[in-house]
file my_file.cif (mmCIF, C-alpha atoms)
data_model
loop_
_atom_site.label_atom_id
_atom_site.label_comp_id
_atom_site.auth_asym_id
_atom_site.auth_seq_id
_atom_site.Cartn_x
_atom_site.Cartn_y
_atom_site.Cartn_z
CA MET Z 826 4.52 1.85 -15.80
CA LYS Z 827 7.84 2.32 -14.04
CA VAL Z 828 7.27 1.97 -10.29
CA ALA Z 829 9.73 3.01 -7.58
CA LEU Z 830 9.46 1.31 -4.19
CA GLY Z 831 10.66 3.76 -1.53
CA GLN Z 832 11.81 1.61 1.39
CA LEU Z 833 12.06 4.34 3.98
CA ASP Z 834 13.66 4.32 7.43
CA MET Z 835 11.33 7.00 8.78
CA ILE Z 836 12.03 9.00 11.94
CA TRP Z 837 9.61 8.01 14.69
CA GLU Z 838 6.73 10.49 14.93
CA ASP Z 839 8.81 13.24 13.27
CA LYS Z 840 7.16 14.25 10.01
CA GLU Z 841 9.55 17.01 9.05
CA ALA Z 842 12.68 14.88 9.51
CA SER Z 843 11.09 11.94 7.69
CA PHE Z 844 9.95 14.17 4.85
CA ILE Z 845 13.53 15.27 4.19
CA LYS Z 846 14.47 11.62 3.69
CA ALA Z 847 11.39 10.90 1.58
CA GLU Z 848 12.03 13.93 -0.62
CA ALA Z 849 15.54 12.67 -1.40
CA MET Z 850 14.05 9.34 -2.49
CA ILE Z 851 11.49 11.12 -4.65
CA LYS Z 852 14.26 13.02 -6.41
CA GLU Z 853 16.21 9.78 -6.91
CA ALA Z 854 13.17 8.03 -8.41
CA ALA Z 855 12.42 11.00 -10.67
CA SER Z 856 16.02 11.05 -11.90
CA ALA Z 857 15.64 7.37 -12.82
CA GLU Z 858 12.52 8.33 -14.81
CA ALA Z 859 10.11 6.40 -12.60
CA ASP Z 860 6.44 7.23 -13.18
CA VAL Z 861 5.45 6.80 -9.55
CA ILE Z 862 7.09 6.20 -6.18
CA ILE Z 863 5.27 4.31 -3.42
CA PHE Z 864 6.18 4.71 0.26
CA PRO Z 865 5.34 2.59 3.35
CA GLU Z 866 2.33 2.84 5.64
CA MET Z 867 2.29 5.97 7.85
CA THR Z 868 5.18 7.20 5.73
CA LEU Z 869 6.42 10.13 7.80
CA THR Z 870 5.72 8.89 11.34
CA GLY Z 871 5.98 5.13 11.60
CA PHE Z 872 3.14 2.93 12.89
CA SER Z 873 2.04 5.18 15.74
CA MET Z 874 -1.18 5.14 17.74
CA ASN Z 875 -0.50 8.64 19.06
CA LEU Z 876 -3.16 10.48 17.08
CA LYS Z 877 -2.84 13.58 19.24
CA LYS Z 878 0.73 13.96 17.97
CA ILE Z 879 0.63 12.65 14.41
CA GLY Z 880 -3.03 12.93 13.34
CA GLU Z 881 -3.90 15.42 10.60
CA ASP Z 882 -7.01 17.24 9.49
CA PRO Z 883 -8.51 15.10 6.69
CA LEU Z 884 -9.38 18.27 4.77
CA ASN Z 885 -6.13 20.13 5.40
CA SER Z 886 -3.33 17.59 5.75
CA TRP Z 887 0.25 18.81 6.07
CA SER Z 888 1.58 15.55 4.62
CA VAL Z 889 -0.74 15.63 1.62
CA SER Z 890 0.14 19.25 0.92
CA LYS Z 891 3.89 18.55 1.05
CA MET Z 892 3.59 15.50 -1.20
CA LYS Z 893 1.47 17.40 -3.72
CA LYS Z 894 4.16 20.05 -4.09
CA CYS Z 895 6.89 17.42 -4.29
CA ALA Z 896 5.02 15.58 -7.05
CA VAL Z 897 4.78 18.75 -9.14
CA ASP Z 898 8.36 19.84 -8.46
CA ASN Z 899 9.72 16.45 -9.51
CA ASN Z 900 7.17 15.50 -12.19
CA ILE Z 901 6.38 12.16 -10.55
CA ALA Z 902 3.31 10.54 -8.99
CA ILE Z 903 3.52 9.65 -5.30
CA GLY Z 904 1.72 7.12 -3.11
CA PHE Z 905 2.11 7.42 0.68
CA GLY Z 906 0.46 6.72 4.01
CA TRP Z 907 -0.64 9.03 6.82
CA SER Z 908 -2.93 9.27 9.85
CA ALA Z 909 -6.14 11.27 9.71
CA LEU Z 910 -7.91 12.67 12.77
CA PRO Z 911 -11.49 11.53 13.50
CA VAL Z 912 -14.30 12.82 11.32
CA PRO Z 913 -17.26 13.51 13.65
CA PRO Z 914 -19.26 11.71 14.88
CA ALA Z 915 -16.46 9.08 14.73
CA GLU Z 916 -14.15 9.08 17.75
CA LYS Z 917 -11.29 7.23 16.05
CA GLY Z 918 -8.96 8.24 13.24
CA THR Z 919 -8.29 6.55 9.92
CA ASN Z 920 -5.10 5.03 8.53
CA ARG Z 921 -4.89 6.37 4.96
CA PHE Z 922 -3.10 5.67 1.68
CA THR Z 923 -3.18 8.59 -0.74
CA LEU Z 924 -2.14 8.47 -4.40
CA ILE Z 925 -1.20 11.76 -6.07
CA ASP Z 926 -0.45 12.23 -9.76
CA LYS Z 927 2.51 14.17 -11.16
CA ASN Z 928 0.35 17.28 -11.44
CA GLY Z 929 -0.27 17.28 -7.71
CA GLU Z 930 -3.87 16.10 -7.95
CA ILE Z 931 -5.25 13.39 -5.69
CA VAL Z 932 -6.02 10.33 -7.82
CA THR Z 933 -7.65 8.42 -4.97
CA GLU Z 934 -7.51 7.85 -1.24
CA TYR Z 935 -8.00 4.64 0.70
CA CYS Z 936 -8.81 4.08 4.38
CA LYS Z 937 -7.41 0.85 5.79
CA ILE Z 938 -10.25 -1.65 6.05
CA HIS Z 939 -8.65 -3.90 8.66
CA PRO Z 940 -7.00 -2.16 11.64
CA PHE Z 941 -4.42 -4.45 13.25
CA THR Z 942 -6.22 -5.42 16.46
CA TYR Z 943 -3.31 -7.55 17.71
CA GLY Z 944 -1.09 -4.47 17.62
CA GLY Z 945 -3.65 -2.18 19.24
CA GLU Z 946 -4.48 -0.25 16.07
CA SER Z 947 -8.24 -0.78 16.40
CA GLU Z 948 -8.18 1.18 19.67
CA SER Z 949 -7.17 4.36 17.82
CA TYR Z 950 -8.28 3.80 14.22
CA ILE Z 951 -11.60 2.82 12.71
CA GLY Z 952 -11.69 0.53 9.68
CA GLY Z 953 -12.63 1.88 6.27
CA ASP Z 954 -15.58 0.45 4.36
CA GLU Z 955 -14.57 0.79 0.71
CA ILE Z 956 -12.32 -1.21 -1.61
CA VAL Z 957 -10.59 1.39 -3.77
CA SER Z 958 -9.75 0.71 -7.43
CA VAL Z 959 -8.92 3.45 -9.93
CA PRO Z 960 -7.52 3.85 -13.47
CA PHE Z 961 -3.89 4.93 -13.28
CA MET Z 962 -1.24 5.20 -16.01
CA GLY Z 963 -2.75 2.61 -18.34
CA HIS Z 964 -3.61 0.20 -15.51
CA VAL Z 965 -6.28 -0.13 -12.87
CA VAL Z 966 -4.73 -0.11 -9.41
CA SER Z 967 -6.17 -1.08 -6.04
CA LEU Z 968 -4.82 0.24 -2.74
CA PHE Z 969 -4.29 -1.76 0.46
CA ILE Z 970 -2.49 -1.29 3.77
CA CYS Z 971 -0.43 -3.85 5.70
CA TYR Z 972 -2.79 -6.16 7.69
CA ASP Z 973 -5.24 -6.13 4.75
CA LEU Z 974 -2.82 -8.58 3.14
CA ARG Z 975 -4.13 -11.37 5.39
CA PHE Z 976 -7.66 -11.09 3.95
CA PRO Z 977 -7.69 -12.59 0.42
CA ASP Z 978 -11.37 -11.89 -0.24
CA ILE Z 979 -10.83 -8.16 -0.76
CA PHE Z 980 -8.04 -8.84 -3.23
CA GLN Z 981 -10.30 -11.18 -5.21
CA ILE Z 982 -12.99 -8.50 -5.33
CA ALA Z 983 -10.49 -5.84 -6.41
CA SER Z 984 -9.06 -8.06 -9.13
CA SER Z 985 -12.37 -8.02 -10.98
CA LYS Z 986 -11.33 -4.50 -12.01
CA SER Z 987 -7.63 -4.16 -11.21
CA ASP Z 988 -4.43 -5.65 -12.56
CA VAL Z 989 -2.09 -3.96 -10.06
CA MET Z 990 -2.36 -4.18 -6.26
CA LEU Z 991 -0.41 -1.66 -4.18
CA VAL Z 992 0.26 -2.70 -0.57
CA ILE Z 993 2.01 -0.34 1.84
CA ALA Z 994 3.08 -1.57 5.27
CA ASN Z 995 4.97 -1.39 8.52
CA TRP Z 996 5.47 -5.17 8.67
CA PRO Z 997 7.82 -6.36 11.45
CA ALA Z 998 10.84 -8.52 10.63
CA VAL Z 999 9.63 -11.21 13.03
CA ARG Z 1000 6.82 -12.00 10.56
CA SER Z 1001 8.74 -11.31 7.35
CA ALA Z 1002 8.15 -14.84 6.01
CA HIS Z 1003 4.42 -14.14 6.12
CA TRP Z 1004 4.91 -10.84 4.28
CA GLN Z 1005 6.61 -12.30 1.24
CA THR Z 1006 4.46 -15.44 1.15
CA LEU Z 1007 1.21 -13.48 1.29
CA LEU Z 1008 2.30 -10.97 -1.35
CA ARG Z 1009 3.15 -13.77 -3.76
CA ALA Z 1010 -0.03 -15.64 -2.92
CA ARG Z 1011 -2.20 -12.58 -3.59
CA ALA Z 1012 -0.46 -12.15 -6.96
CA ILE Z 1013 -0.89 -15.80 -7.98
CA GLU Z 1014 -4.49 -16.22 -6.87
CA THR Z 1015 -5.69 -12.95 -8.43
CA GLN Z 1016 -3.36 -13.05 -11.47
CA SER Z 1017 -2.27 -9.50 -10.69
CA TYR Z 1018 0.89 -7.54 -10.21
CA VAL Z 1019 1.44 -6.91 -6.50
CA ILE Z 1020 3.72 -4.15 -5.23
CA GLY Z 1021 4.55 -4.46 -1.53
CA VAL Z 1022 6.37 -1.52 0.07
CA ASN Z 1023 7.56 -1.95 3.63
CA CYS Z 1024 9.68 0.23 5.92
CA TYR Z 1025 13.15 -0.45 7.28
CA GLY Z 1026 14.78 0.22 10.64
CA SER Z 1027 13.91 0.09 14.34
CA ARG Z 1028 11.07 2.08 15.91
CA ASP Z 1029 8.92 1.80 19.02
CA GLY Z 1030 10.37 -1.55 20.00
CA GLU Z 1031 9.92 -3.16 16.58
CA VAL Z 1032 12.51 -4.10 13.97
CA TYR Z 1033 11.68 -3.84 10.27
CA SER Z 1034 13.78 -5.59 7.63
CA GLY Z 1035 12.08 -4.04 4.62
CA GLU Z 1036 11.85 -6.80 2.03
CA SER Z 1037 9.81 -4.61 -0.29
CA ILE Z 1038 9.06 -6.54 -3.46
CA ALA Z 1039 7.33 -6.37 -6.82
CA VAL Z 1040 5.65 -9.59 -7.89
CA ASP Z 1041 4.27 -10.40 -11.35
CA SER Z 1042 0.95 -12.06 -12.09
CA ILE Z 1043 2.33 -15.61 -11.88
CA GLY Z 1044 4.20 -15.02 -8.62
CA ASN Z 1045 7.70 -14.27 -9.90
CA ILE Z 1046 9.63 -11.68 -7.90
CA LEU Z 1047 10.62 -8.88 -10.27
CA GLY Z 1048 12.76 -7.11 -7.70
CA GLU Z 1049 13.40 -6.96 -3.96
CA ILE Z 1050 15.17 -4.63 -1.54
CA SER Z 1051 15.99 -5.91 1.94
CA GLY Z 1052 18.06 -5.01 4.97
CA LYS Z 1053 18.57 -1.36 4.07
CA GLU Z 1054 16.87 1.90 3.23
CA GLY Z 1055 16.67 2.60 -0.48
CA VAL Z 1056 14.76 2.82 -3.74
CA LEU Z 1057 13.93 -0.13 -6.00
CA ILE Z 1058 12.57 0.47 -9.50
CA CYS Z 1059 10.55 -2.13 -11.41
CA ASP Z 1060 8.64 -2.12 -14.68
CA ILE Z 1061 4.99 -3.16 -14.77
CA ASP Z 1062 3.53 -4.14 -18.15
CA ASP Z 1063 0.13 -5.47 -19.29
CA ARG Z 1064 0.90 -9.18 -19.00
CA ALA Z 1065 -1.62 -9.65 -16.19
CA TRP Z 1066 -4.50 -9.13 -18.60
CA ASN Z 1067 -2.83 -11.37 -21.20
CA LEU Z 1068 -2.51 -14.11 -18.62
CA ARG Z 1069 -6.12 -13.76 -17.53
CA ASN Z 1070 -7.31 -14.03 -21.12
CA LYS Z 1071 -5.23 -17.16 -21.69
CA PHE Z 1072 -5.61 -18.91 -18.30
CA ASN Z 1073 -8.79 -17.48 -16.84
CA THR Z 1074 -9.21 -18.91 -13.37
CA ARG Z 1075 -11.88 -16.35 -12.56
CA ASN Z 1076 -14.29 -18.10 -14.94
CA ASP Z 1077 -14.02 -21.20 -12.78
CA ARG Z 1078 -14.86 -19.48 -9.51
CA ARG Z 1079 -18.20 -20.58 -8.02
CA GLU Z 1080 -19.37 -17.44 -6.27
CA ASP Z 1081 -22.91 -18.73 -5.65
CA LEU Z 1082 -21.53 -21.74 -3.84
CA TYR Z 1083 -19.14 -19.62 -1.79
CA LYS Z 1084 -21.99 -17.31 -0.75
CA LYS Z 1085 -24.11 -20.30 0.26
CA TRP Z 1086 -21.47 -21.61 2.65
CA ARG Z 1087 -20.75 -18.17 4.08
CA ALA Z 1088 -24.42 -17.61 4.91
#

call {"tool": "encode", "arguments": {"input": "my_file.cif", "output": "structure tokens"}}
result
Amino acid sequence: MKVALGQLDMIWEDKEASFIKAEAMIKEAASAEADVIIFPEMTLTGFSMNLKKIGEDPLNSWSVSKMKKCAVDNNIAIGFGWSALPVPPAEKGTNRFTLIDKNGEIVTEYCKIHPFTYGGESESYIGGDEIVSVPFMGHVVSLFICYDLRFPDIFQIASSKSDVMLVIANWPAVRSAHWQTLLRARAIETQSYVIGVNCYGSRDGEVYSGESIAVDSIGNILGEISGKEGVLICDIDDRAWNLRNKFNTRNDRREDLYKKWRA
């Protein structure tokens, strides 16, 4: 699977302007024969809490519709983030990660489990309650968003099915050391490929350095793009399963003991 990491410098709360930039990246990735391009969290708006301005109808999303057409037009799968308006009786929205295949069909959709309370996200967005794993292009992929990266348990659970973890983010430069360290740690401890796609630029008082990376199942960085907007393309093979068969750390996990001490 040839994965393109679309490190986007989105225009703050301006979907149409950001889409123009994203579309150019999609065309670039398609020309390089990538199978899928993955974009950052809240792809076309930036990490905004202004649901009244950026929120979309979960059943009739402008962003999803535009990305579906773009996938078909360019014969490439697309993964991207967006903000969904509340679904009654909920009073808060959801931070979503949607994966669309090259035929414009939704493969799966994930709602961010852990809103970033420190950044005020939990005041506007409710956390999802499902770990999402789905067969995709000869792999099984799991979807995560930004702050989820700090919670290793959900990655361990996902890795019982998945060999590729996709993490989209708006991760500030001030904590960039955490970003790369946690991505590599999640790859090593779950013996999975981890694709981390961050944004670049300055928005709403925050600076983003990008540092989008692809990490293999033993923690090696396959590719990285930092300090600029752009597209990085990396190849993902089936070595994660080969590693697990040869050096199976999962067999040595003691889940019963862990549950006992969590009780």

call {"tool": "residues_near_point", "arguments": {"input": "my_file.cif", "point": "(-0.1, 19.3, 5.8)", "cutoff": "12 Å", "atoms": "all atoms listed in the file", "output": "list in words"}}
result
Lys840, Glu841, Phe844, Leu869, Ile879, Gly880, Glu881, Asp882, Pro883, Leu884, Asn885, Ser886, Trp887, Ser888, Val889, Ser890, Lys891, Met892, Lys893, Lys894, Trp907, Ser908 and Ala909 of chain Z

call {"tool": "closest_residue", "arguments": {"input": "my_file.cif", "among": "Z:Arg1075, Z:Gly1048, Z:Ile925, Z:Gly1055", "to": "Ala849 of chain Z", "atoms": "only C-alpha atoms"}}
result
Z:Gly1055

call {"tool": "residues_around", "arguments": {"input": "my_file.cif", "residues": "Gly944 of chain Z", "least_positions_apart": "5", "cutoff": "12 Å", "atoms": "all atoms listed in the file", "output": "list in words"}}
result
Phe872, Ser873, Met874, His939, Ser949, Tyr950, Cys971, Tyr972, Asn995, Trp996, Pro997, Asp1029 and Glu1031 of chain Z

call {"tool": "write_last_selection", "arguments": {"input": "my_file.cif", "atoms": "C-alpha atoms", "output": "PDB file, keeping the file's coordinate frame"}}
result
ATOM      1  CA  PHE Z 872       3.140   2.930  12.890  1.00  0.00           C
ATOM      2  CA  SER Z 873       2.040   5.180  15.740  1.00  0.00           C
ATOM      3  CA  MET Z 874      -1.180   5.140  17.740  1.00  0.00           C
ATOM      4  CA  HIS Z 939      -8.650  -3.900   8.660  1.00  0.00           C
ATOM      5  CA  SER Z 949      -7.170   4.360  17.820  1.00  0.00           C
ATOM      6  CA  TYR Z 950      -8.280   3.800  14.220  1.00  0.00           C
ATOM      7  CA  CYS Z 971      -0.430  -3.850   5.700  1.00  0.00           C
ATOM      8  CA  TYR Z 972      -2.790  -6.160   7.690  1.00  0.00           C
ATOM      9  CA  ASN Z 995       4.970  -1.390   8.520  1.00  0.00           C
ATOM     10  CA  TRP Z 996       5.470  -5.170   8.670  1.00  0.00           C
ATOM     11  CA  PRO Z 997       7.820  -6.360  11.450  1.00  0.00           C
ATOM     12  CA  ASP Z1029       8.920   1.800  19.020  1.00  0.00           C
ATOM     13  CA  GLU Z1031       9.920  -3.160  16.580  1.00  0.00           C
TER      14      GLU Z1031
END

call {"tool": "residues_around", "arguments": {"input": "my_file.cif", "residues": "Ile862 of chain Z", "least_positions_apart": "5", "cutoff": "7 Å", "atoms": "all atoms listed in the file", "output": "list in words"}}
result
Val828, Ala829, Leu830, Gly831, Ile851, Ala854, Ala902, Ile903 and Gly904 of chain Z

call {"tool": "resolve_selection", "arguments": {"input": "my_file.cif", "expression": "the PyMOL selection byres ((chain Z and resi 855) around 12)", "output": "ChimeraX atom specification"}}
result
/Z:827-829,831,848-854,856-862,895-903,927,1056,1058

call {"tool": "write_last_selection", "arguments": {"input": "my_file.cif", "atoms": "C-alpha atoms", "output": "PDB file, in the frame of the given file"}}
result
ATOM      1  CA  LYS Z 827       7.840   2.320 -14.040  1.00  0.00           C
ATOM      2  CA  VAL Z 828       7.270   1.970 -10.290  1.00  0.00           C
ATOM      3  CA  ALA Z 829       9.730   3.010  -7.580  1.00  0.00           C
ATOM      4  CA  GLY Z 831      10.660   3.760  -1.530  1.00  0.00           C
ATOM      5  CA  GLU Z 848      12.030  13.930  -0.620  1.00  0.00           C
ATOM      6  CA  ALA Z 849      15.540  12.670  -1.400  1.00  0.00           C
ATOM      7  CA  MET Z 850      14.050   9.340  -2.490  1.00  0.00           C
ATOM      8  CA  ILE Z 851      11.490  11.120  -4.650  1.00  0.00           C
ATOM      9  CA  LYS Z 852      14.260  13.020  -6.410  1.00  0.00           C
ATOM     10  CA  GLU Z 853      16.210   9.780  -6.910  1.00  0.00           C
ATOM     11  CA  ALA Z 854      13.170   8.030  -8.410  1.00  0.00           C
ATOM     12  CA  SER Z 856      16.020  11.050 -11.900  1.00  0.00           C
ATOM     13  CA  ALA Z 857      15.640   7.370 -12.820  1.00  0.00           C
ATOM     14  CA  GLU Z 858      12.520   8.330 -14.810  1.00  0.00           C
ATOM     15  CA  ALA Z 859      10.110   6.400 -12.600  1.00  0.00           C
ATOM     16  CA  ASP Z 860       6.440   7.230 -13.180  1.00  0.00           C
ATOM     17  CA  VAL Z 861       5.450   6.800  -9.550  1.00  0.00           C
ATOM     18  CA  ILE Z 862       7.090   6.200  -6.180  1.00  0.00           C
ATOM     19  CA  CYS Z 895       6.890  17.420  -4.290  1.00  0.00           C
ATOM     20  CA  ALA Z 896       5.020  15.580  -7.050  1.00  0.00           C
ATOM     21  CA  VAL Z 897       4.780  18.750  -9.140  1.00  0.00           C
ATOM     22  CA  ASP Z 898       8.360  19.840  -8.460  1.00  0.00           C
ATOM     23  CA  ASN Z 899       9.720  16.450  -9.510  1.00  0.00           C
ATOM     24  CA  ASN Z 900       7.170  15.500 -12.190  1.00  0.00           C
ATOM     25  CA  ILE Z 901       6.380  12.160 -10.550  1.00  0.00           C
ATOM     26  CA  ALA Z 902       3.310  10.540  -8.990  1.00  0.00           C
ATOM     27  CA  ILE Z 903       3.520   9.650  -5.300  1.00  0.00           C
ATOM     28  CA  LYS Z 927       2.510  14.170 -11.160  1.00  0.00           C
ATOM     29  CA  VAL Z1056      14.760   2.820  -3.740  1.00  0.00           C
ATOM     30  CA  ILE Z1058      12.570   0.470  -9.500  1.00  0.00           C
TER      31      ILE Z1058
END

call {"tool": "closest_residue", "arguments": {"input": "my_file.cif", "among": "Z:Ala1088, Z:Leu1008, Z:Val992, Z:Ile845", "to": "Val966 of chain Z", "atoms": "only C-alpha atoms"}}
result
Z:Val992

call {"tool": "resolve_selection", "arguments": {"input": "my_file.cif", "expression": "the PyMOL selection byres ((chain Z and resi 1034) around 10)", "output": "list of chain:residue names"}}
result
Z:Gln832, Z:Asp834, Z:Asn995, Z:Trp996, Z:Pro997, Z:Ala998, Z:Val999, Z:Arg1000, Z:Ser1001, Z:Asn1023, Z:Cys1024, Z:Tyr1025, Z:Gly1026, Z:Ser1027, Z:Val1032, Z:Tyr1033, Z:Gly1035, Z:Glu1036, Z:Ser1037, Z:Ile1050, Z:Ser1051, Z:Gly1052, Z:Lys1053, Z:Glu1054

call {"tool": "resolve_selection", "arguments": {"input": "my_file.cif", "expression": "the PyMOL selection byres ((chain Z and resi 934-938) around 8)", "output": "list in words"}}
result
Thr919, Asn920, Arg921, Phe922, Thr923, Leu924, Ile931, Val932, Thr933, His939, Pro940, Gly952, Gly953, Asp954, Glu955, Ile956, Val957, Leu968, Phe969, Ile970 and Asp973 of chain Z

call {"tool": "closest_residue", "arguments": {"input": "my_file.cif", "among": "Z:Asn1070, Z:Glu838, Z:Gln1005, Z:Gln1016", "to": "Ser984 of chain Z", "atoms": "only C-alpha atoms"}}
result
Z:Gln1016

call {"tool": "atom_distance", "arguments": {"input": "my_file.cif", "atom1": "atom CA of Ile1013 of chain Z", "atom2": "atom CA of Ala1039 of chain Z"}}
result
12.6 Å

call {"tool": "residues_around", "arguments": {"input": "my_file.cif", "residues": "Val965 of chain Z", "least_positions_apart": "5", "cutoff": "9 Å", "atoms": "only C-alpha atoms", "output": "ChimeraX atom specification"}}
result
/Z:958-960,986-990

call {"tool": "write_last_selection", "arguments": {"input": "my_file.cif", "atoms": "C-alpha atoms", "output": "PDB file, keeping the file's coordinate frame"}}
result
ATOM      1  CA  SER Z 958      -9.750   0.710  -7.430  1.00  0.00           C
ATOM      2  CA  VAL Z 959      -8.920   3.450  -9.930  1.00  0.00           C
ATOM      3  CA  PRO Z 960      -7.520   3.850 -13.470  1.00  0.00           C
ATOM      4  CA  LYS Z 986     -11.330  -4.500 -12.010  1.00  0.00           C
ATOM      5  CA  SER Z 987      -7.630  -4.160 -11.210  1.00  0.00           C
ATOM      6  CA  ASP Z 988      -4.430  -5.650 -12.560  1.00  0.00           C
ATOM      7  CA  VAL Z 989      -2.090  -3.960 -10.060  1.00  0.00           C
ATOM      8  CA  MET Z 990      -2.360  -4.180  -6.260  1.00  0.00           C
TER       9      MET Z 990
END

call {"tool": "atom_distance", "arguments": {"input": "my_file.cif", "atom1": "atom CA of Lys878 of chain Z", "atom2": "atom CA of Lys846 of chain Z"}}
result
20.0 Å

call {"tool": "atom_distance", "arguments": {"input": "my_file.cif", "atom1": "atom CA of Leu991 of chain Z", "atom2": "atom CA of Asn1076 of chain Z"}}
result
24.1 Å
